[in-house]
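The file work.cif contains mmCIF, C-alpha atoms:
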data_entry
loop_
_atom_site.label_atom_id
_atom_site.label_comp_id
_atom_site.auth_asym_id
_atom_site.auth_seq_id
_atom_site.Cartn_x
_atom_site.Cartn_y
_atom_site.Cartn_z
CA MET A 1 25.51 27.07 -28.74
CA THR A 2 22.28 25.52 -29.97
CA GLU A 3 20.71 22.70 -28.02
CA LYS A 4 19.99 19.44 -29.87
CA SER A 5 16.52 18.66 -31.21
CA PHE A 6 14.69 15.37 -30.78
CA LYS A 7 15.69 14.27 -34.30
CA ASP A 8 19.38 14.63 -33.35
CA LEU A 9 19.09 12.08 -30.53
CA PRO A 10 20.23 8.48 -30.92
CA THR A 11 17.47 6.33 -32.44
CA GLY A 12 15.68 3.94 -30.09
CA ASP A 13 16.25 3.58 -26.36
CA GLN A 14 19.11 1.06 -26.14
CA HIS A 15 21.48 3.73 -24.75
CA LEU A 16 18.98 4.48 -21.95
CA ARG A 17 17.38 1.10 -21.25
CA GLU A 18 17.44 -0.65 -17.90
CA ASP A 19 16.98 -4.39 -18.15
CA ARG A 20 15.74 -6.60 -15.32
CA ILE A 21 18.18 -9.17 -13.98
CA SER A 22 16.15 -10.44 -11.04
CA GLY A 23 13.48 -9.21 -8.66
CA GLU A 24 12.01 -9.80 -5.25
CA ASP A 25 8.81 -8.83 -3.47
CA ILE A 26 10.16 -6.87 -0.55
CA TYR A 27 6.97 -5.77 1.07
CA GLY A 28 3.34 -6.74 0.70
CA GLY A 29 1.17 -4.33 2.66
CA ILE A 30 -2.59 -4.28 2.97
CA PHE A 31 -2.87 -1.90 0.02
CA LEU A 32 0.66 -1.26 -1.22
CA HIS A 33 3.14 -3.76 -2.61
CA MET A 34 6.81 -2.99 -3.02
CA LYS A 35 9.34 -4.68 -5.29
CA ARG A 36 13.08 -4.44 -5.55
CA ASP A 37 14.69 -5.45 -8.85
CA LYS A 38 18.32 -5.86 -9.70
CA ILE A 39 18.83 -4.26 -13.12
CA LEU A 40 21.46 -3.81 -15.79
CA LEU A 41 22.30 -0.21 -16.72
CA PRO A 42 23.09 0.74 -20.35
CA ASP A 43 26.84 0.65 -19.60
CA GLY A 44 26.72 -2.84 -18.07
CA GLN A 45 26.80 -1.76 -14.41
CA GLU A 46 24.27 -3.28 -12.04
CA ALA A 47 21.87 -1.17 -10.00
CA VAL A 48 18.76 -1.56 -7.86
CA ARG A 49 15.25 -0.20 -8.52
CA GLU A 50 12.61 -0.11 -5.79
CA TYR A 51 9.03 0.56 -6.82
CA LEU A 52 5.40 -0.07 -6.00
CA THR A 53 3.17 -2.24 -8.09
CA HIS A 54 -0.23 -0.67 -8.59
CA PRO A 55 -3.28 -2.16 -10.39
CA GLY A 56 -3.89 1.09 -12.31
CA ALA A 57 -6.76 3.52 -11.94
CA VAL A 58 -9.37 5.49 -13.85
CA ALA A 59 -10.60 9.06 -13.53
CA ILE A 60 -13.74 10.60 -14.96
CA VAL A 61 -14.42 14.06 -16.39
CA ALA A 62 -18.21 14.05 -15.97
CA ILE A 63 -20.14 16.95 -17.50
CA LEU A 64 -23.63 17.88 -16.30
CA ASP A 65 -26.25 19.16 -18.75
CA ASP A 66 -25.61 22.72 -17.51
CA GLY A 67 -21.94 22.37 -18.50
CA ARG A 68 -20.56 22.13 -14.98
CA VAL A 69 -17.98 19.49 -14.04
CA LEU A 70 -18.77 16.89 -11.37
CA LEU A 71 -16.29 17.08 -8.49
CA GLU A 72 -15.55 15.54 -5.14
CA ARG A 73 -13.93 16.82 -2.00
CA GLN A 74 -12.15 14.07 -0.10
CA TYR A 75 -9.60 13.99 2.70
CA ARG A 76 -6.24 12.70 1.49
CA TYR A 77 -4.34 11.52 4.52
CA PRO A 78 -0.78 11.39 3.07
CA ILE A 79 -0.88 15.12 2.31
CA SER A 80 -3.23 16.05 5.23
CA LYS A 81 -5.65 17.94 3.01
CA ALA A 82 -9.28 17.84 1.87
CA CYS A 83 -8.69 17.76 -1.89
CA ILE A 84 -10.97 18.85 -4.71
CA GLU A 85 -10.78 16.12 -7.36
CA ILE A 86 -12.60 14.55 -10.26
CA PRO A 87 -14.09 11.10 -9.47
CA ALA A 88 -11.52 8.30 -9.69
CA GLY A 89 -10.78 4.84 -8.43
CA LYS A 90 -8.48 1.84 -8.61
CA LEU A 91 -8.98 -1.02 -11.03
CA GLU A 92 -9.97 -4.36 -9.57
CA ILE A 93 -7.88 -7.32 -10.72
CA GLY A 94 -8.63 -8.00 -14.39
CA GLU A 95 -11.32 -5.32 -14.57
CA ASP A 96 -12.03 -3.60 -17.89
CA HIS A 97 -10.98 0.05 -17.59
CA LEU A 98 -14.20 1.53 -18.98
CA LEU A 99 -16.35 -0.69 -16.76
CA CYS A 100 -14.28 0.48 -13.80
CA ALA A 101 -14.90 4.12 -14.78
CA LYS A 102 -18.66 3.45 -14.97
CA ARG A 103 -18.61 1.65 -11.62
CA GLU A 104 -16.59 4.34 -9.83
CA LEU A 105 -18.68 7.20 -11.18
CA GLU A 106 -21.89 5.53 -10.02
CA GLU A 107 -20.55 4.36 -6.65
CA GLU A 108 -19.03 7.71 -5.70
CA THR A 109 -21.52 10.17 -7.21
CA GLY A 110 -24.66 8.19 -8.08
CA TYR A 111 -24.50 9.35 -11.71
CA THR A 112 -24.53 7.09 -14.73
CA ALA A 113 -23.68 8.40 -18.21
CA LYS A 114 -25.22 7.64 -21.60
CA LYS A 115 -22.13 8.83 -23.50
CA TRP A 116 -18.53 7.79 -22.81
CA SER A 117 -15.31 8.80 -24.56
CA TYR A 118 -11.65 8.20 -23.79
CA ILE A 119 -9.36 11.15 -23.13
CA ARG A 120 -5.88 9.91 -22.30
CA ARG A 121 -3.55 7.81 -20.16
CA ILE A 122 -1.26 9.51 -17.65
CA HIS A 123 1.54 8.12 -15.46
CA PRO A 124 1.57 10.03 -12.15
CA VAL A 125 4.63 8.42 -10.54
CA ILE A 126 7.11 7.34 -13.20
CA SER A 127 10.04 7.10 -10.78
CA TYR A 128 8.58 4.67 -8.22
CA SER A 129 5.19 3.21 -9.15
CA THR A 130 3.70 1.27 -12.04
CA GLU A 131 0.48 3.28 -11.66
CA LEU A 132 -1.36 4.51 -14.74
CA ILE A 133 -4.59 6.52 -14.79
CA ASP A 134 -6.92 6.28 -17.79
CA ILE A 135 -9.08 9.40 -18.02
CA TYR A 136 -12.58 9.20 -19.51
CA LEU A 137 -15.16 11.78 -20.51
CA ALA A 138 -18.73 11.06 -19.34
CA GLU A 139 -21.65 13.03 -20.82
CA ASP A 140 -25.46 12.81 -20.84
CA LEU A 141 -25.50 12.12 -17.11
CA VAL A 142 -28.42 10.60 -15.24
CA PRO A 143 -28.55 11.21 -11.48
CA GLY A 144 -28.97 8.33 -9.03
CA LYS A 145 -27.94 7.19 -5.59
CA SER A 146 -24.28 6.85 -4.63
CA LYS A 147 -23.04 3.64 -2.96
CA LEU A 148 -20.07 4.63 -0.88
CA ASP A 149 -18.00 2.13 1.04
CA ASP A 150 -18.39 2.11 4.77
CA GLU A 151 -15.03 3.90 5.07
CA GLU A 152 -15.54 6.49 2.29
CA PHE A 153 -16.45 10.04 3.20
CA LEU A 154 -16.71 12.59 0.44
CA ASP A 155 -18.62 15.64 -0.74
CA VAL A 156 -20.03 15.57 -4.27
CA PHE A 157 -20.64 18.86 -6.03
CA ALA A 158 -20.30 20.59 -9.40
CA ALA A 159 -18.44 23.66 -10.62
CA PRO A 160 -17.98 25.51 -13.92
CA LEU A 161 -14.71 24.82 -15.76
CA GLU A 162 -13.60 28.44 -15.22
CA GLN A 163 -13.83 27.94 -11.45
CA LEU A 164 -11.87 24.69 -11.72
CA ILE A 165 -9.08 26.42 -13.64
CA THR A 166 -9.03 29.28 -11.12
CA TRP A 167 -8.64 26.74 -8.29
CA VAL A 168 -5.78 25.11 -10.21
CA GLU A 169 -4.00 28.38 -10.86
CA GLU A 170 -4.50 29.71 -7.32
CA GLY A 171 -3.08 26.51 -5.84
CA GLU A 172 -6.32 25.22 -4.27
CA ILE A 173 -6.31 22.20 -6.60
CA THR A 174 -2.93 20.43 -6.61
CA ASP A 175 -4.06 16.95 -7.65
CA VAL A 176 -2.52 16.06 -11.01
CA LYS A 177 -5.36 14.09 -12.66
CA THR A 178 -7.76 16.95 -11.90
CA THR A 179 -5.32 19.62 -13.11
CA ILE A 180 -4.64 17.83 -16.39
CA SER A 181 -8.36 17.17 -16.92
CA ALA A 182 -9.26 20.83 -16.35
CA TYR A 183 -6.67 21.97 -18.89
CA TRP A 184 -7.76 19.27 -21.33
CA LEU A 185 -11.43 20.25 -21.03
CA ASP A 186 -10.51 23.87 -21.72
CA ARG A 187 -8.72 22.81 -24.90
CA TYR A 188 -11.64 20.56 -25.85
CA ARG A 189 -14.12 23.42 -25.49
CA ARG A 190 -11.84 25.61 -27.59
CA GLY A 191 -11.99 22.94 -30.34
CA LEU A 192 -8.27 22.12 -30.14
CA VAL A 193 -8.52 18.48 -29.11
CA LYS A 194 -11.04 15.65 -29.18
CA PRO A 195 -11.60 12.55 -27.10
CA GLN A 196 -11.90 9.10 -28.69
CA THR A 197 -15.54 8.09 -29.08
CA ILE A 198 -16.31 4.76 -27.40
CA GLU A 199 -20.07 4.38 -27.46
CA MET B 1 -32.22 17.77 -10.28
CA THR B 2 -29.43 20.29 -9.88
CA GLU B 3 -26.13 19.23 -8.36
CA LYS B 4 -24.83 21.19 -5.35
CA SER B 5 -22.25 23.95 -5.78
CA PHE B 6 -19.14 24.38 -3.65
CA LYS B 7 -20.85 27.06 -1.57
CA ASP B 8 -23.58 24.56 -0.59
CA LEU B 9 -21.06 22.16 0.98
CA PRO B 10 -20.49 21.99 4.74
CA THR B 11 -17.93 24.59 5.85
CA GLY B 12 -14.49 23.29 6.81
CA ASP B 13 -13.31 19.70 6.57
CA GLN B 14 -14.36 18.22 9.93
CA HIS B 15 -16.89 15.91 8.23
CA LEU B 16 -14.11 14.53 5.99
CA ARG B 17 -11.03 14.62 8.22
CA GLU B 18 -8.95 11.60 9.12
CA ASP B 19 -6.98 12.03 12.33
CA ARG B 20 -3.90 10.04 13.22
CA ILE B 21 -4.16 7.75 16.23
CA SER B 22 -0.77 6.03 15.95
CA GLY B 23 1.77 5.10 13.31
CA GLU B 24 4.57 2.73 12.53
CA ASP B 25 7.40 2.57 10.02
CA ILE B 26 6.61 -0.64 8.23
CA TYR B 27 9.31 -0.65 5.62
CA GLY B 28 12.49 1.31 5.10
CA GLY B 29 13.93 0.54 1.69
CA ILE B 30 17.05 1.93 0.09
CA PHE B 31 15.01 4.72 -1.55
CA LEU B 32 11.41 4.24 -0.46
CA HIS B 33 9.99 4.36 3.06
CA MET B 34 6.55 3.09 3.92
CA LYS B 35 4.39 3.96 6.90
CA ARG B 36 1.18 2.51 8.25
CA ASP B 37 -0.97 4.73 10.47
CA LYS B 38 -4.03 3.87 12.47
CA ILE B 39 -6.53 6.70 11.93
CA LEU B 40 -9.90 7.89 13.14
CA LEU B 41 -12.54 8.35 10.44
CA PRO B 42 -15.06 11.24 10.65
CA ASP B 43 -17.72 8.88 12.08
CA GLY B 44 -15.45 7.57 14.83
CA GLN B 45 -14.52 4.27 13.15
CA GLU B 46 -10.86 3.29 13.03
CA ALA B 47 -9.08 2.55 9.75
CA VAL B 48 -5.57 2.03 8.41
CA ARG B 49 -3.65 4.20 5.93
CA GLU B 50 -0.49 2.95 4.24
CA TYR B 51 1.65 5.50 2.41
CA LEU B 52 5.16 6.38 1.37
CA THR B 53 7.08 9.25 2.84
CA HIS B 54 8.88 11.23 0.16
CA PRO B 55 11.25 14.20 0.63
CA GLY B 56 9.53 16.21 -2.11
CA ALA B 57 10.87 17.18 -5.51
CA VAL B 58 11.31 20.06 -7.92
CA ALA B 59 10.82 20.32 -11.68
CA ILE B 60 12.05 23.01 -14.03
CA VAL B 61 10.46 24.61 -17.11
CA ALA B 62 13.67 25.93 -18.68
CA ILE B 63 13.29 28.17 -21.74
CA LEU B 64 16.13 28.66 -24.21
CA ASP B 65 16.66 32.02 -25.93
CA ASP B 66 15.08 30.64 -29.11
CA GLY B 67 11.89 29.89 -27.10
CA ARG B 68 12.31 26.12 -27.05
CA VAL B 69 11.81 24.11 -23.85
CA LEU B 70 14.67 22.08 -22.39
CA LEU B 71 13.77 18.40 -22.15
CA GLU B 72 15.23 15.07 -21.16
CA ARG B 73 14.62 11.54 -22.28
CA GLN B 74 15.17 9.04 -19.51
CA TYR B 75 14.30 5.39 -18.99
CA ARG B 76 11.71 4.96 -16.25
CA TYR B 77 11.95 1.39 -15.05
CA PRO B 78 8.58 1.08 -13.21
CA ILE B 79 6.67 1.82 -16.43
CA SER B 80 9.30 0.28 -18.79
CA LYS B 81 9.49 3.34 -21.02
CA ALA B 82 12.00 5.99 -22.13
CA CYS B 83 10.05 9.08 -21.05
CA ILE B 84 10.25 12.64 -22.37
CA GLU B 85 10.26 14.91 -19.31
CA ILE B 86 11.27 18.31 -18.05
CA PRO B 87 14.31 18.28 -15.73
CA ALA B 88 13.43 17.30 -12.15
CA GLY B 89 14.90 15.83 -9.02
CA LYS B 90 14.34 14.96 -5.39
CA LEU B 91 15.07 17.34 -2.52
CA GLU B 92 17.92 16.48 -0.24
CA ILE B 93 17.13 16.56 3.48
CA GLY B 94 16.56 20.19 4.51
CA GLU B 95 17.44 21.55 1.08
CA ASP B 96 15.91 24.84 -0.06
CA HIS B 97 13.54 24.09 -2.95
CA LEU B 98 14.89 26.80 -5.29
CA LEU B 99 18.50 25.77 -4.63
CA CYS B 100 17.50 22.21 -5.43
CA ALA B 101 15.97 23.37 -8.73
CA LYS B 102 19.19 25.21 -9.62
CA ARG B 103 21.31 22.20 -8.68
CA GLU B 104 19.19 19.70 -10.61
CA LEU B 105 19.04 21.85 -13.74
CA GLU B 106 22.80 22.25 -13.78
CA GLU B 107 23.61 18.64 -12.87
CA GLU B 108 21.28 17.12 -15.45
CA THR B 109 21.55 19.58 -18.34
CA GLY B 110 24.60 21.77 -17.65
CA TYR B 111 22.50 24.95 -17.89
CA THR B 112 22.33 27.65 -15.27
CA ALA B 113 19.67 30.39 -15.38
CA LYS B 114 19.87 34.10 -14.63
CA LYS B 115 16.13 34.41 -14.06
CA TRP B 116 14.02 32.17 -11.83
CA SER B 117 10.28 32.28 -11.10
CA TYR B 118 7.92 29.96 -9.24
CA ILE B 119 5.04 28.33 -11.10
CA ARG B 120 3.14 26.03 -8.77
CA ARG B 121 3.09 23.07 -6.40
CA ILE B 122 1.50 19.80 -7.50
CA HIS B 123 0.78 16.57 -5.59
CA PRO B 124 1.21 13.61 -7.95
CA VAL B 125 0.14 10.80 -5.61
CA ILE B 126 -2.44 12.05 -3.10
CA SER B 127 -3.68 8.58 -2.21
CA TYR B 128 -0.41 6.95 -1.16
CA SER B 129 2.59 9.30 -1.01
CA THR B 130 3.49 12.55 0.71
CA GLU B 131 5.32 13.66 -2.46
CA LEU B 132 4.99 17.23 -3.66
CA ILE B 133 6.65 18.73 -6.75
CA ASP B 134 7.42 22.45 -6.85
CA ILE B 135 7.65 23.65 -10.47
CA TYR B 136 9.94 26.55 -11.38
CA LEU B 137 10.43 28.61 -14.53
CA ALA B 138 14.07 29.18 -15.54
CA GLU B 139 14.94 31.81 -18.16
CA ASP B 140 18.06 33.54 -19.49
CA LEU B 141 19.89 30.22 -19.66
CA VAL B 142 23.65 29.86 -19.87
CA PRO B 143 25.00 26.56 -21.22
CA GLY B 144 27.60 24.57 -19.30
CA LYS B 145 28.68 21.04 -18.56
CA SER B 146 26.29 18.52 -16.97
CA LYS B 147 27.42 16.45 -13.97
CA LEU B 148 25.44 13.26 -14.11
CA ASP B 149 25.70 10.61 -11.42
CA ASP B 150 27.51 7.45 -12.32
CA GLU B 151 24.14 5.67 -12.63
CA GLU B 152 22.27 8.38 -14.58
CA PHE B 153 21.74 8.00 -18.32
CA LEU B 154 19.70 10.59 -20.13
CA ASP B 155 19.38 12.52 -23.38
CA VAL B 156 19.14 16.30 -23.16
CA PHE B 157 17.43 18.15 -26.00
CA ALA B 158 15.01 21.01 -26.70
CA ALA B 159 11.67 21.28 -28.46
CA PRO B 160 9.14 24.02 -29.25
CA LEU B 161 6.10 24.18 -26.95
CA GLU B 162 3.80 23.23 -29.86
CA GLN B 163 5.74 19.95 -30.26
CA LEU B 164 5.52 19.30 -26.52
CA ILE B 165 1.75 19.75 -26.56
CA THR B 166 1.43 17.49 -29.60
CA TRP B 167 3.41 14.79 -27.75
CA VAL B 168 1.08 15.20 -24.75
CA GLU B 169 -2.08 14.98 -26.83
CA GLU B 170 -0.85 12.07 -28.95
CA GLY B 171 0.05 10.10 -25.81
CA GLU B 172 3.84 10.15 -26.29
CA ILE B 173 4.26 12.22 -23.11
CA THR B 174 2.36 10.70 -20.17
CA ASP B 175 4.40 12.15 -17.29
CA VAL B 176 2.21 14.45 -15.20
CA LYS B 177 4.71 17.19 -14.25
CA THR B 178 5.65 17.59 -17.93
CA THR B 179 2.01 17.58 -19.09
CA ILE B 180 0.96 20.20 -16.55
CA SER B 181 4.00 22.35 -17.34
CA ALA B 182 3.31 22.25 -21.08
CA TYR B 183 -0.28 23.36 -20.55
CA TRP B 184 0.83 26.04 -18.08
CA LEU B 185 3.43 27.41 -20.50
CA ASP B 186 0.80 27.62 -23.22
CA ARG B 187 -1.43 29.66 -20.90
CA TYR B 188 1.54 31.82 -19.88
CA ARG B 189 2.38 32.61 -23.51
CA ARG B 190 -1.27 33.47 -24.11
CA GLY B 191 -1.06 35.98 -21.23
CA LEU B 192 -3.57 34.12 -19.02
CA VAL B 193 -1.31 33.30 -16.09
CA LYS B 194 1.94 34.50 -14.56
CA PRO B 195 4.62 32.89 -12.42
CA GLN B 196 5.77 34.45 -9.15
CA THR B 197 8.97 36.43 -9.62
CA ILE B 198 11.75 35.27 -7.30
CA GLU B 199 14.90 37.01 -8.44
#
Transcribe the structure of this file into structure tokens.
Amino acid sequence: MTEKSFKDLPTGDQHLREDRISGEDIYGGIFLHMKRDKILLPDGQEAVREYLTHPGAVAIVAILDDGRVLLERQYRYPISKACIEIPAGKLEIGEDHLLCAKRELEEETGYTAKKWSYIRRIHPVISYSTELIDIYLAEDLVPGKSKLDDEEFLDVFAAPLEQLITWVEEGEITDVKTTISAYWLDRYRRGLVKPQTIE
Amino acid sequence: MTEKSFKDLPTGDQHLREDRISGEDIYGGIFLHMKRDKILLPDGQEAVREYLTHPGAVAIVAILDDGRVLLERQYRYPISKACIEIPAGKLEIGEDHLLCAKRELEEETGYTAKKWSYIRRIHPVISYSTELIDIYLAEDLVPGKSKLDDEEFLDVFAAPLEQLITWVEEGEITDVKTTISAYWLDRYRRGLVKPQTIE
């Protein structure tokens, strides 16, 4: 038996699609907002989908002049762990994604960058959140003073890409945006992929 | 100015830690459950953390004898997109993670595997969900009949790793477990990393 290829699949997504019939806001928390929609399955049955609405986020692969990657260590309460991550943050309502990346990098690390490029969009939680993360590359960094919120506690430091990949492969880094960015940067340095130039 | 290295950071995570003071279940949905905890910040201030509790999940990198990777296309309502993904599913209460991986692979694709290894754990949503995904490698596959739930609609197909990576880098694949698995498999085939043998 040979498994089908992509070209053998039905064209389009009509046989998979779930269409919204109606929806309600079932919980509005301080940070998280939950919705429950009644939907129509491809075969005409009705079903229910619960999910969080999220404003979206950005993450930044920031490269120092010595080639090291700018990192943070931050306690992540839901998984009870101080995580090593690249800088990231949530979009404010209506905020331009690149401006958000510039703001978050400066607020959390103090650095500004003279060169910005766009790497890629990822969806971390496709089964129950609308969240997207747009990942940017920041180069030609200029150090400055961070402006953390009153409730933000984090370590800022830098590490070579090889160390970052070792942490990923030994299980010390489990955060997905940081894992994907480390692998991407490795492919970039090997000349296999390029970011989109912005300015 | 030279940015600090990891070894220059304070030892341990006491200066970052958030400790639970009290907690409440603030919403129990059909699928999603939300909690709100009062916590103590490292400086003694109190703060609030809202998050979802999730049973955890597994994902499977399943390799056919011709080297292609087994994939699914499934409509993901929160992001309104038919997503290309590796097989995955949620743990049932108390379920062994490997048994869950075997069950999900067979239910969704019909395949069983004679060889299983463990790749890695990832945390897709460190800021607002307890979710973890354990990723397994399944080899020596034997085709069979899938047993989809009444409400599950998905395409099963296979593609070469090179195609998978192209889809990731062109933005067609945005799902994080699939992206990380594609990059991992590339490193595995290049002899840079190994999974943990299970049986």
### Residue among B:Asp134, B:Asp150, B:Glu106, B:Glu3 lying closest to chain A, counting all atoms listed in the file
B:Glu3
### Query
Contacts of region 135-149 of chain A at 9 Å or less, counting only C-alpha atoms, minus same-chain residues fewer than 3 places along, as a PyMOL selection string?
(chain A and resi 57-65+88+98+101-102+105-122+152-154+177+181+195) or (chain B and resi 1+3)
### Task
Would you write out, as a PyMOL selection string, every residue that the PyMOL selection byres ((chain A and resi 160) around 9) captures in this file?
chain A and resi 66-69+158-159+161-165
### Task
Convert the output of the PyMOL selection byres ((chain A and resi 78) around 12) on the shown file into explicit residues, formatted as a PyMOL selection string.
(chain A and resi 75-77+79-83) or (chain B and resi 17-20+34-37+39+48-54+123-132)
### Message
Would you pick out the contacts of Asp155 (chain A) at 12 Å or less, using only C-alpha atoms, so that residues sharing its chain but fewer than 4 positions from it are not included, and give the list as JSON, numbers by chain?
### Response
{"A": [70, 71, 72, 73, 74, 75, 82, 83, 84, 85, 86, 87, 108, 109, 146, 148], "B": [3, 4, 5, 6, 7, 8, 9, 10, 11, 12, 13, 14, 15, 16, 17]}
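Distances to His33 (chain B) were evaluated for B:Tyr183, B:Ala47, B:Glu104, B:Pro55 using all atoms listed in the file, and the minimum falls at B:Pro55.
Reported to one decimal place, the separation of CA of Asp175 (chain A) from CA of Asp175 (chain B) is 13.7 Å.
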